[in-house]
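Okay, work.tsv now, which holds TSV, C-alpha atoms and all ligand atoms:
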chain	number	residue	atom	x	y	z
A	1	MET	CA	58.58	30.12	31.08
A	2	LYS	CA	58.29	29.33	34.73
A	3	ILE	CA	59.86	29.03	38.17
A	4	VAL	CA	60.81	25.38	38.65
A	5	ASP	CA	62.09	25.53	42.23
A	6	ILE	CA	62.74	27.86	45.17
A	7	VAL	CA	65.43	26.72	47.61
A	8	GLU	CA	66.26	28.17	51.04
A	9	SER	CA	69.17	27.56	53.38
A	10	THR	CA	69.70	29.23	56.76
A	11	ARG	CA	73.30	30.40	57.21
A	12	PRO	CA	75.23	31.70	60.25
A	13	ILE	CA	76.44	35.31	60.24
A	14	LYS	CA	77.35	35.24	63.91
A	15	SER	CA	79.97	37.42	65.59
A	16	ASP	CA	80.92	38.72	69.04
A	17	ILE	CA	79.58	42.23	68.42
A	18	ARG	CA	76.75	43.83	70.36
A	19	ASN	CA	74.62	46.93	69.79
A	20	ALA	CA	72.46	48.65	72.44
A	21	TYR	CA	69.75	46.01	72.02
A	22	ILE	CA	71.08	42.65	70.83
A	23	ASP	CA	74.23	40.63	70.43
A	24	PHE	CA	74.94	38.73	67.23
A	25	SER	CA	76.14	35.47	68.81
A	26	LYS	CA	73.39	33.42	67.15
A	27	MET	CA	72.61	35.59	64.12
A	28	THR	CA	71.57	33.85	60.89
A	29	LEU	CA	70.09	34.75	57.52
A	30	SER	CA	68.19	32.98	54.78
A	31	LEU	CA	69.91	32.44	51.45
A	32	VAL	CA	67.40	31.80	48.63
A	33	ALA	CA	67.60	30.65	45.02
A	34	VAL	CA	64.74	31.02	42.54
A	35	VAL	CA	65.41	28.55	39.74
A	36	THR	CA	63.78	29.21	36.35
A	37	ASP	CA	63.50	27.13	33.19
A	38	VAL	CA	64.99	29.95	31.08
A	39	ILE	CA	68.28	28.78	29.57
A	40	GLN	CA	71.14	31.27	29.02
A	41	ASP	CA	74.60	30.09	27.96
A	42	GLY	CA	73.43	26.50	28.36
A	43	LYS	CA	72.41	26.95	32.01
A	44	PRO	CA	69.15	27.78	33.77
A	45	VAL	CA	68.77	31.38	34.96
A	46	ILE	CA	68.75	31.45	38.76
A	47	GLY	CA	67.95	34.49	40.88
A	48	TYR	CA	69.51	34.77	44.34
A	49	GLY	CA	68.55	36.67	47.47
A	50	PHE	CA	69.25	36.89	51.19
A	51	ASN	CA	67.90	38.90	54.07
A	52	SER	CA	69.77	41.56	56.01
A	53	ASN	CA	71.34	41.03	59.40
A	54	GLY	CA	69.25	41.51	62.50
A	55	ARG	CA	66.16	39.35	61.88
A	56	TYR	CA	67.44	35.76	61.49
A	57	GLY	CA	66.71	33.23	58.76
A	58	GLN	CA	63.08	32.69	57.77
A	59	GLY	CA	63.17	29.23	56.20
A	60	ALA	CA	60.21	27.89	58.18
A	61	LEU	CA	57.82	30.62	57.01
A	62	MET	CA	59.07	30.26	53.46
A	63	ARG	CA	58.61	26.51	53.38
A	64	ASP	CA	55.23	26.58	55.16
A	65	ARG	CA	53.55	29.30	53.12
A	66	PHE	CA	55.39	31.45	50.61
A	67	ILE	CA	57.33	28.91	48.51
A	68	PRO	CA	54.40	26.46	48.03
A	69	ARG	CA	52.06	29.30	47.03
A	70	VAL	CA	54.40	30.29	44.19
A	71	LEU	CA	55.18	26.75	43.05
A	72	GLU	CA	51.49	25.72	43.11
A	73	ALA	CA	50.36	28.69	41.00
A	74	ASP	CA	49.59	28.41	37.28
A	75	PRO	CA	52.96	29.51	35.77
A	76	ALA	CA	51.10	31.65	33.21
A	77	SER	CA	49.70	33.74	36.08
A	78	LEU	CA	53.23	34.77	37.20
A	79	VAL	CA	54.66	36.15	33.94
A	80	ASP	CA	54.58	39.70	32.62
A	81	ASP	CA	52.61	40.90	29.56
A	82	THR	CA	55.38	39.91	27.13
A	83	GLY	CA	55.20	36.33	28.41
A	84	ASP	CA	59.02	36.23	28.27
A	85	ASN	CA	59.83	37.19	31.84
A	86	LEU	CA	58.54	36.82	35.38
A	87	CYS	CA	56.36	39.55	36.88
A	88	PRO	CA	57.60	40.40	40.41
A	89	HIS	CA	54.30	42.16	41.23
A	90	LYS	CA	52.21	39.09	40.33
A	91	ILE	CA	54.56	36.78	42.25
A	92	TRP	CA	54.34	39.11	45.25
A	93	ALA	CA	50.53	39.09	45.14
A	94	ARG	CA	50.56	35.31	44.91
A	95	MET	CA	52.88	35.00	47.96
A	96	MET	CA	50.54	37.24	49.94
A	97	ILE	CA	47.24	35.48	49.24
A	98	ASN	CA	45.35	34.68	52.46
A	99	GLU	CA	47.60	37.00	54.49
A	100	LYS	CA	45.71	39.57	56.57
A	101	PRO	CA	46.87	43.21	56.63
A	102	GLY	CA	48.86	44.59	59.57
A	103	GLY	CA	50.89	42.68	62.17
A	104	HIS	CA	53.71	42.24	59.72
A	105	GLY	CA	55.94	40.20	62.02
A	106	GLU	CA	58.73	38.48	60.16
A	107	ARG	CA	56.74	37.30	57.14
A	108	SER	CA	57.91	40.56	55.56
A	109	VAL	CA	61.48	39.21	55.81
A	110	ALA	CA	60.51	35.89	54.21
A	111	VAL	CA	58.67	37.61	51.36
A	112	GLY	CA	61.37	40.28	50.94
A	113	THR	CA	64.11	37.68	50.55
A	114	ILE	CA	62.25	35.70	47.88
A	115	ASP	CA	61.35	38.98	46.17
A	116	MET	CA	65.07	39.88	45.97
A	117	ALA	CA	65.81	36.59	44.20
A	118	VAL	CA	62.88	37.16	41.81
A	119	TRP	CA	64.21	40.60	40.77
A	120	ASP	CA	67.69	39.14	40.28
A	121	ALA	CA	66.20	36.52	37.94
A	122	VAL	CA	64.08	39.11	36.09
A	123	ALA	CA	67.07	41.37	35.39
A	124	LYS	CA	69.22	38.41	34.31
A	125	ILE	CA	66.49	37.19	31.95
A	126	ALA	CA	66.30	40.75	30.55
A	127	GLY	CA	70.11	40.63	30.22
A	128	LYS	CA	70.80	43.89	32.07
A	129	PRO	CA	71.85	45.24	35.45
A	130	LEU	CA	68.90	45.53	37.82
A	131	TYR	CA	69.68	49.23	38.30
A	132	GLN	CA	69.24	49.82	34.56
A	133	LEU	CA	66.00	47.84	34.42
A	134	LEU	CA	64.65	49.81	37.39
A	135	ALA	CA	65.55	53.17	35.85
A	136	GLU	CA	63.86	52.15	32.58
A	137	ARG	CA	60.69	50.90	34.26
A	138	TYR	CA	60.24	53.24	37.22
A	139	GLY	CA	62.71	56.09	36.79
A	140	ASN	CA	60.33	58.55	35.07
A	141	GLY	CA	62.87	59.23	32.34
A	142	LYS	CA	65.84	59.64	34.68
A	143	PRO	CA	68.78	57.42	33.72
A	144	ALA	CA	70.47	55.19	36.29
A	145	ASN	CA	73.51	56.58	38.06
A	146	PRO	CA	75.84	53.72	38.99
A	147	ARG	CA	77.89	56.00	41.30
A	148	VAL	CA	76.39	55.56	44.78
A	149	PHE	CA	77.23	57.09	48.17
A	150	VAL	CA	78.07	54.48	50.83
A	151	TYR	CA	78.96	54.85	54.47
A	152	ALA	CA	80.85	52.46	56.74
A	153	ALA	CA	78.80	50.97	59.59
A	154	GLY	CA	80.50	49.40	62.57
A	155	GLY	CA	81.65	50.81	65.87
A	156	TYR	CA	79.93	48.01	67.77
A	157	TYR	CA	80.49	47.19	71.39
A	158	TYR	CA	82.90	44.29	71.48
A	159	PRO	CA	84.54	42.49	74.41
A	160	GLY	CA	87.85	44.11	75.27
A	161	LYS	CA	87.50	46.85	72.68
A	162	GLY	CA	88.56	50.15	74.22
A	163	LEU	CA	88.74	53.61	72.73
A	164	ASP	CA	91.91	52.60	70.89
A	165	GLY	CA	90.16	49.69	69.22
A	166	LEU	CA	87.24	51.89	68.21
A	167	ARG	CA	89.53	54.55	66.76
A	168	LYS	CA	91.59	51.97	64.85
A	169	GLU	CA	88.45	50.48	63.36
A	170	MET	CA	87.21	53.88	62.20
A	171	GLU	CA	90.63	54.84	60.85
A	172	SER	CA	90.67	51.69	58.77
A	173	TYR	CA	87.30	52.63	57.19
A	174	LEU	CA	88.54	56.12	56.39
A	175	ALA	CA	91.72	54.63	54.90
A	176	ARG	CA	89.53	52.47	52.64
A	177	GLY	CA	87.90	55.56	51.12
A	178	TYR	CA	84.78	56.07	53.22
A	179	SER	CA	83.87	59.64	54.16
A	180	VAL	CA	81.13	58.80	56.68
A	181	VAL	CA	81.54	56.23	59.47
A	182	LYS	CA	78.92	55.02	61.95
A	183	MET	CA	79.21	53.76	65.51
A	184	LYS	CA	76.87	52.38	68.13
A	185	ILE	CA	75.64	54.31	71.16
A	186	GLY	CA	73.21	53.45	73.94
A	187	GLY	CA	75.06	50.35	75.14
A	188	ALA	CA	77.09	52.35	77.68
A	189	THR	CA	76.45	55.39	79.86
A	190	LEU	CA	75.89	58.77	78.21
A	191	ALA	CA	79.24	59.97	79.58
A	192	ASP	CA	81.05	56.92	78.20
A	193	ASP	CA	79.33	57.24	74.84
A	194	CYS	CA	80.31	60.93	74.64
A	195	GLU	CA	83.91	59.93	75.29
A	196	ARG	CA	83.70	57.29	72.55
A	197	ILE	CA	82.17	59.82	70.13
A	198	GLU	CA	84.80	62.47	70.89
A	199	SER	CA	87.61	59.99	70.37
A	200	VAL	CA	86.31	59.24	66.87
A	201	LEU	CA	85.57	62.90	66.02
A	202	LYS	CA	89.23	63.67	66.71
A	203	ILE	CA	90.44	61.46	63.85
A	204	LEU	CA	88.05	62.87	61.21
A	205	GLY	CA	89.47	65.14	58.53
A	206	PRO	CA	87.74	67.75	56.37
A	207	GLY	CA	84.66	66.34	54.62
A	208	GLN	CA	84.50	63.34	56.96
A	209	GLN	CA	81.60	62.77	59.37
A	210	LEU	CA	80.35	60.45	62.10
A	211	ALA	CA	76.84	58.98	62.49
A	212	VAL	CA	75.59	57.34	65.70
A	213	ASP	CA	73.01	54.55	66.14
A	214	ALA	CA	71.08	53.78	69.36
A	215	ASN	CA	69.22	50.78	67.90
A	216	GLY	CA	65.89	51.79	69.43
A	217	ARG	CA	67.14	51.49	73.00
A	218	PHE	CA	65.97	54.78	74.57
A	219	ASP	CA	62.79	55.91	76.28
A	220	LEU	CA	61.75	59.50	75.62
A	221	LYS	CA	63.72	61.02	78.48
A	222	THR	CA	66.95	59.19	77.57
A	223	ALA	CA	66.48	59.95	73.86
A	224	VAL	CA	66.14	63.65	74.69
A	225	ASP	CA	69.07	63.61	77.18
A	226	TYR	CA	71.25	62.07	74.47
A	227	GLY	CA	69.82	64.52	71.94
A	228	ARG	CA	70.84	67.50	74.09
A	229	ALA	CA	74.34	66.06	74.58
A	230	LEU	CA	74.77	65.09	70.92
A	231	SER	CA	73.73	68.59	69.79
A	232	GLN	CA	77.26	69.79	70.54
A	233	TYR	CA	78.75	67.46	67.86
A	234	PRO	CA	78.56	67.87	64.07
A	235	LEU	CA	77.02	64.42	63.49
A	236	PHE	CA	75.94	63.03	60.13
A	237	TRP	CA	72.87	61.63	61.89
A	238	TYR	CA	71.38	60.38	65.20
A	239	GLU	CA	69.78	57.03	64.38
A	240	GLU	CA	66.90	55.04	65.85
A	241	ALA	CA	66.74	56.75	69.22
A	242	GLY	CA	63.61	54.99	70.46
A	243	ASP	CA	61.31	52.11	69.65
A	244	PRO	CA	60.77	52.02	65.88
A	245	LEU	CA	56.97	52.17	66.30
A	246	ASP	CA	57.01	55.04	68.83
A	247	TYR	CA	56.32	57.87	66.40
A	248	GLU	CA	55.53	60.35	69.16
A	249	LEU	CA	58.96	59.81	70.73
A	250	GLN	CA	60.60	60.50	67.36
A	251	ALA	CA	58.49	63.65	66.90
A	252	LYS	CA	59.27	64.96	70.39
A	253	LEU	CA	62.98	64.28	69.90
A	254	GLY	CA	62.85	66.35	66.70
A	255	GLU	CA	61.60	69.31	68.74
A	256	VAL	CA	64.84	69.41	70.75
A	257	TYR	CA	67.38	67.85	68.37
A	258	GLN	CA	68.01	70.10	65.39
A	259	GLY	CA	70.65	67.92	63.68
A	260	PRO	CA	69.72	65.20	61.19
A	261	MET	CA	67.85	62.15	62.54
A	262	ALA	CA	67.60	58.76	60.83
A	263	THR	CA	65.27	55.82	61.35
A	264	GLY	CA	63.13	53.20	59.60
A	265	GLU	CA	65.20	49.99	59.42
A	266	ASN	CA	62.67	48.21	61.63
A	267	LEU	CA	59.54	49.39	59.80
A	268	PHE	CA	58.47	46.53	57.60
A	269	SER	CA	55.65	47.80	55.40
A	270	MET	CA	54.58	50.84	53.39
A	271	GLN	CA	51.86	51.40	56.02
A	272	ASP	CA	54.33	51.50	58.92
A	273	ALA	CA	56.62	53.78	56.90
A	274	ARG	CA	53.61	56.01	56.18
A	275	ASN	CA	52.82	56.25	59.89
A	276	LEU	CA	56.38	57.40	60.52
A	277	ILE	CA	56.00	60.07	57.85
A	278	ARG	CA	52.56	61.10	59.12
A	279	HIS	CA	53.28	61.10	62.85
A	280	GLY	CA	57.05	60.89	63.46
A	281	GLY	CA	57.93	64.53	62.87
A	282	MET	CA	60.64	63.56	60.38
A	283	ARG	CA	61.90	66.57	58.39
A	284	PRO	CA	62.31	66.14	54.61
A	285	ASP	CA	64.98	68.86	54.48
A	286	ARG	CA	67.49	67.06	56.72
A	287	ASP	CA	66.39	63.64	58.03
A	288	TRP	CA	67.13	60.19	56.57
A	289	LEU	CA	64.92	57.13	55.97
A	290	GLN	CA	66.44	53.66	56.29
A	291	PHE	CA	63.68	51.26	55.18
A	292	ASP	CA	65.37	48.04	54.03
A	293	CYS	CA	63.54	46.12	51.28
A	294	ALA	CA	65.20	42.83	52.30
A	295	LEU	CA	63.38	43.00	55.65
A	296	SER	CA	60.17	44.65	54.51
A	297	TYR	CA	58.43	42.68	51.73
A	298	GLY	CA	61.00	43.41	49.06
A	299	LEU	CA	61.24	45.87	46.21
A	300	VAL	CA	57.58	45.45	45.17
A	301	GLU	CA	56.64	46.97	48.54
A	302	TYR	CA	59.54	49.44	48.47
A	303	LEU	CA	58.18	50.87	45.21
A	304	ARG	CA	54.92	51.54	47.07
A	305	THR	CA	56.90	53.19	49.87
A	306	LEU	CA	58.71	55.44	47.36
A	307	ASP	CA	55.31	56.44	45.86
A	308	MET	CA	54.00	57.17	49.35
A	309	LEU	CA	57.07	59.32	50.10
A	310	LYS	CA	56.56	61.28	46.88
A	311	ASP	CA	52.91	61.94	47.84
A	312	HIS	CA	54.18	63.34	51.15
A	313	GLY	CA	56.80	65.59	49.58
A	314	TRP	CA	59.85	63.41	50.25
A	315	SER	CA	62.59	62.87	47.67
A	316	PRO	CA	64.02	59.35	47.20
A	317	SER	CA	67.38	60.99	47.82
A	318	ARG	CA	66.50	61.13	51.55
A	319	CYS	CA	66.57	57.30	51.64
A	320	ILE	CA	69.78	55.50	52.66
A	321	PRO	CA	68.65	51.91	53.32
A	322	HIS	CA	69.85	49.71	56.14
A	323	GLY	CA	71.47	46.37	55.41
A	324	GLY	CA	74.59	46.80	53.29
A	325	HIS	CA	73.46	44.50	50.46
A	326	GLN	CA	73.79	44.87	46.72
A	327	MET	CA	70.00	44.91	46.22
A	328	SER	CA	69.73	48.34	47.84
A	329	LEU	CA	72.81	49.47	45.90
A	330	ALA	CA	70.97	48.58	42.69
A	331	ILE	CA	67.84	50.43	43.84
A	332	ALA	CA	69.94	53.44	44.83
A	333	ALA	CA	71.63	53.51	41.40
A	334	GLY	CA	68.39	52.91	39.51
A	335	LEU	CA	65.95	55.09	41.39
A	336	GLY	CA	68.05	57.90	42.86
A	337	LEU	CA	68.26	56.99	46.53
A	338	GLY	CA	70.71	58.96	48.65
A	339	GLY	CA	73.05	56.02	49.09
A	340	ASN	CA	73.41	52.76	50.95
A	341	GLU	CA	74.83	51.31	54.15
A	342	SER	CA	77.98	49.18	54.05
A	343	TYR	CA	79.60	46.97	56.71
A	344	PRO	CA	83.22	46.76	55.57
A	345	ASP	CA	84.21	44.01	58.01
A	346	LEU	CA	80.96	42.32	59.05
A	347	PHE	CA	78.39	39.79	57.80
A	348	GLN	CA	80.62	38.43	55.03
A	349	PRO	CA	80.33	37.13	52.38
A	350	TYR	CA	76.83	38.58	52.10
A	351	GLY	CA	77.44	42.31	52.32
A	352	GLY	CA	79.75	44.44	50.26
A	353	PHE	CA	80.48	45.08	46.62
A	354	PRO	CA	81.56	43.17	43.52
A	355	ASP	CA	85.29	42.29	43.56
A	356	GLY	CA	87.50	45.18	42.58
A	357	VAL	CA	84.97	47.90	43.43
A	358	LYS	CA	86.75	50.54	45.51
A	359	VAL	CA	85.25	53.22	47.71
A	360	GLU	CA	86.48	56.64	46.57
A	361	ASN	CA	85.61	59.77	48.54
A	362	GLY	CA	82.62	57.91	49.97
A	363	TYR	CA	81.26	56.63	46.63
A	364	VAL	CA	81.34	53.32	44.75
A	365	THR	CA	80.69	52.86	41.03
A	366	LEU	CA	78.75	49.71	40.23
A	367	PRO	CA	79.89	47.54	37.32
A	368	ALA	CA	77.33	46.68	34.61
A	369	LEU	CA	76.67	43.06	35.62
A	370	PRO	CA	73.37	41.39	34.70
A	371	GLY	CA	70.98	41.08	37.65
A	372	ILE	CA	71.79	42.46	41.10
A	373	GLY	CA	75.49	41.86	40.53
A	374	PHE	CA	76.17	38.89	42.83
A	375	GLU	CA	78.14	37.11	40.08
A	376	GLY	CA	80.81	39.79	40.52
A	377	LYS	CA	81.51	38.88	44.15
A	378	SER	CA	83.39	35.58	44.09
A	379	ASP	CA	83.00	34.52	47.74
A	380	LEU	CA	79.26	35.27	47.69
A	381	ILE	CA	78.45	33.67	44.35
A	382	ALA	CA	80.33	30.53	45.42
A	383	GLU	CA	77.87	30.15	48.36
A	384	MET	CA	74.95	30.87	46.07
A	385	ARG	CA	76.00	28.36	43.41
A	386	ALA	CA	76.52	25.72	46.10
A	387	LEU	CA	72.86	26.23	47.06
A	388	ALA	CA	71.56	25.90	43.49
A	389	SER	CA	73.29	26.01	40.13
B	401	LIG	O1	73.24	46.61	64.67
B	401	LIG	C1	72.31	46.41	63.89
B	401	LIG	O2	71.28	45.78	64.21
B	401	LIG	C2	72.38	46.97	62.50
B	401	LIG	C3	71.96	48.38	62.46
B	401	LIG	O3	71.27	48.90	63.30
B	401	LIG	C4	72.41	49.22	61.35
B	401	LIG	O4	73.15	48.73	60.50
B	401	LIG	O5	72.01	50.39	61.30
B	402	MG	MG	70.66	50.90	62.73
Could you spell out this file's structure in structure tokens?
Ligand SMILES: O=C([O-])CC(=O)C(=O)O
Ligand SMILES: [Mg+2]
Amino acid sequence: MKIVDIVESTRPIKSDIRNAYIDFSKMTLSLVAVVTDVIQDGKPVIGYGFNSNGRYGQGALMRDRFIPRVLEADPASLVDDTGDNLCPHKIWARMMINEKPGGHGERSVAVGTIDMAVWDAVAKIAGKPLYQLLAERYGNGKPANPRVFVYAAGGYYYPGKGLDGLRKEMESYLARGYSVVKMKIGGATLADDCERIESVLKILGPGQQLAVDANGRFDLKTAVDYGRALSQYPLFWYEEAGDPLDYELQAKLGEVYQGPMATGENLFSMQDARNLIRHGGMRPDRDWLQFDCALSYGLVEYLRTLDMLKDHGWSPSRCIPHGGHQMSLAIAAGLGLGGNESYPDLFQPYGGFPDGVKVENGYVTLPALPGIGFEGKSDLIAEMRALAS
């Protein structure tokens, strides 16, 4: 068996929203199909993948380096020991030949997106949901749990959106069954952000919480000033206060901010994640890790990150990945992560859940679809099949 083609198309996911660092007026992503010669129900098995919002499409890197490396390899060198399925670890190693360590740049996005499509194909060839395959292979005897915590991310700055607009948005997430909602901070003054936060806190009922996200905007002084002000609120977490690679800032913030902190969506390798754990003062009893496999070399690398976390005394249940895609939902269900992000109204058709999946008390239950589950989301699979079918 072999991979016969890998196709990429860069797609717009633009909108008028803005966080503390960027606007999304020109945002794109890469949609990828990995076409195999395995025939099921009279059709070739195709794995699909896409990268998360925030880092743009990566078609040029894929076409220049990563796709040709896979297609030029001896097909026998890319299959697992049974010979009946692809080996994601061997394909990953092949993509990364002649790549130096460090300086991960955005090649981690290109590799992570292809890796997602490879895992989708592998689980489809095995005829089972990816979450089940992951539990069987890497779960150390723990069965998959298809019931996964999800929170609603939004609360962006948006032209003409006042406090009323923000409150209405958050109310609509709560009405759809979410128990935790997230909003942006750091794109206004501290006083204005406190007003925005208080207006959302007022609409929360028992068991409902708010998280805030600064998108890496703050220097140490501002991060600490916000930390002192935010300490008065019962927040679910205070996310990405400073530059993602400024581990000392994160550690110093943790000395004054006792509530839960979250970060990691812009750390793109096991080594960068390890530096956060070594030097960032993150606390395994309350803080959250948001590494997103679709931006950071895929699940093959994420498995290394989970091993690293275990060696440092962190449970996978402290991980709630960034990105709102079904790949991280499958990993959460298969390997016991703490949950996953969700953008109820943004980045469609890429984010979200299979059709008919409802959020109930902050949880979704994943259907048992072969692969990652894209075939269950009609608007998404239509885009995917138009790329390659
Ligand atoms: O606004 C963004 O770039 C997305 C983000 O930080 C998040 O979902 O946590
Ligand atoms: Mg974030």
* Asked: Near segment 77-83 of chain A, counting only C-alpha atoms, which residues have an atom at most 10 Å away, once you skip same-chain residues fewer than 2 positions from it, shown as JSON, numbers by chain?
  -> {"A": [1, 2, 3, 70, 73, 74, 75, 85, 86, 87, 88, 89, 90, 91, 92, 93, 94]}
* Can you tell me, as a list in words, what residues are no more than 7 Å from segment 304-318 of chain A when counting all atoms listed in the file, ignoring any on the same chain fewer than 2 positions away? ->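 Listed by chain and then number, they are Met270, Arg274, Pro284, Asp287, Trp288, Leu289, Val300, Glu301, Tyr302, Ile320, Gly336, Leu337 and Gly338 of chain A.
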* Asked: Which polymer residues have any atom within 9 Å of an atom of Arg18 of chain A, counting only C-alpha atoms, with same-chain residues fewer than 6 positions away left out, as number ranges by chain?
  -> A: 24-25, 156-159, 184, 187
* Taking into account all atoms listed in the file, which residue in the set A:Val45, A:Ala211, A:Ala20, A:Ala241 is nearest to Tyr257 of chain A? -> A:Ala241
* Set the cut-off to 10 Å, count all atoms listed in the file, and list whatever residues fall near ligand MG 402 (chain B) as a PyMOL selection string. => chain A and resi 19+54+153-154+182-184+212-216+238-241+262-266+290+321-323+341
* **Among the residues A:Arg278, A:His104, A:Arg385, A:Arg217, the one that comes closest to ligand LIG 401 (chain B) [using only C-alpha atoms and all ligand atoms]** => A:Arg217
* Record the distance separating atom CA of Arg137 of chain A and atom CA of Pro367 of chain A, expressed in Å with one decimal. =>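 Atom-to-atom, atom CA of Arg137 of chain A and atom CA of Pro367 of chain A are spaced 19.7 Å apart.
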* Pick from A:Asp5, A:Asp355, A:Asp246, A:Asp64, whichever lies nearest to Lys377 of chain A using all atoms listed in the file ->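 When distances to Lys377 of chain A are compared using all atoms listed in the file, the smallest one comes from A:Asp355.
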* Expressed in Å to a single decimal, how great is the separation between atom CA of Leu267 of chain A and atom CA of Lys100 of chain A? ->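 Atom CA of Lys100 of chain A lies at a distance of 17.3 Å from atom CA of Leu267 of chain A.
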* Asked: Quick one, how far is atom CA of Tyr56 of chain A from atom CA of Tyr350 of chain A?
  -> 13.6 Å
Please give the centre and size of the box around segment 354-365 of chain A (axis-aligned, containing every atom listed in the file, 8 Å added per side), with values in Å to one decimal and written as lines of an AutoDock Vina configuration file.
center_x = 84.1
center_y = 51.0
center_z = 45.5
size_x = 22.8
size_y = 33.5
size_z = 24.9
Which residues come within 7 Å of Pro12 of chain A, counting all atoms listed in the file, excluding same-chain residues fewer than 3 positions away, as a PDB file with C-alpha atoms, in the coordinates of the input?
ATOM      1  CA  MET A  27      72.610  35.590  64.120  1.00  0.00           C
ATOM      2  CA  THR A  28      71.570  33.850  60.890  1.00  0.00           C
ATOM      3  CA  LEU A  29      70.090  34.750  57.520  1.00  0.00           C
TER       4      LEU A  29
END
* Between A:Gly105, A:Gly186, A:Pro234, A:Gly362, which is the closest to Ser269 of chain A once you count only C-alpha atoms? ->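 Between A:Gly105, A:Gly186, A:Pro234, A:Gly362, the residue approaching Ser269 of chain A most closely is A:Gly105.
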* Select, from A:Tyr173, A:Phe374, A:Phe50, A:Tyr233, the residue with the minimum atom-to-atom distance to Asp345 of chain A, counting only C-alpha atoms. =>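 With only C-alpha atoms as the atom set, the closest residue is A:Tyr173.
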* To do: Take the point (73.0, 55.8, 37.2) as written in the file and pick out every residue within 9 Å of it, counting all atoms listed in the file; give the list as number ranges by chain.
  => A: 131-132, 135, 142-148, 332-336, 366
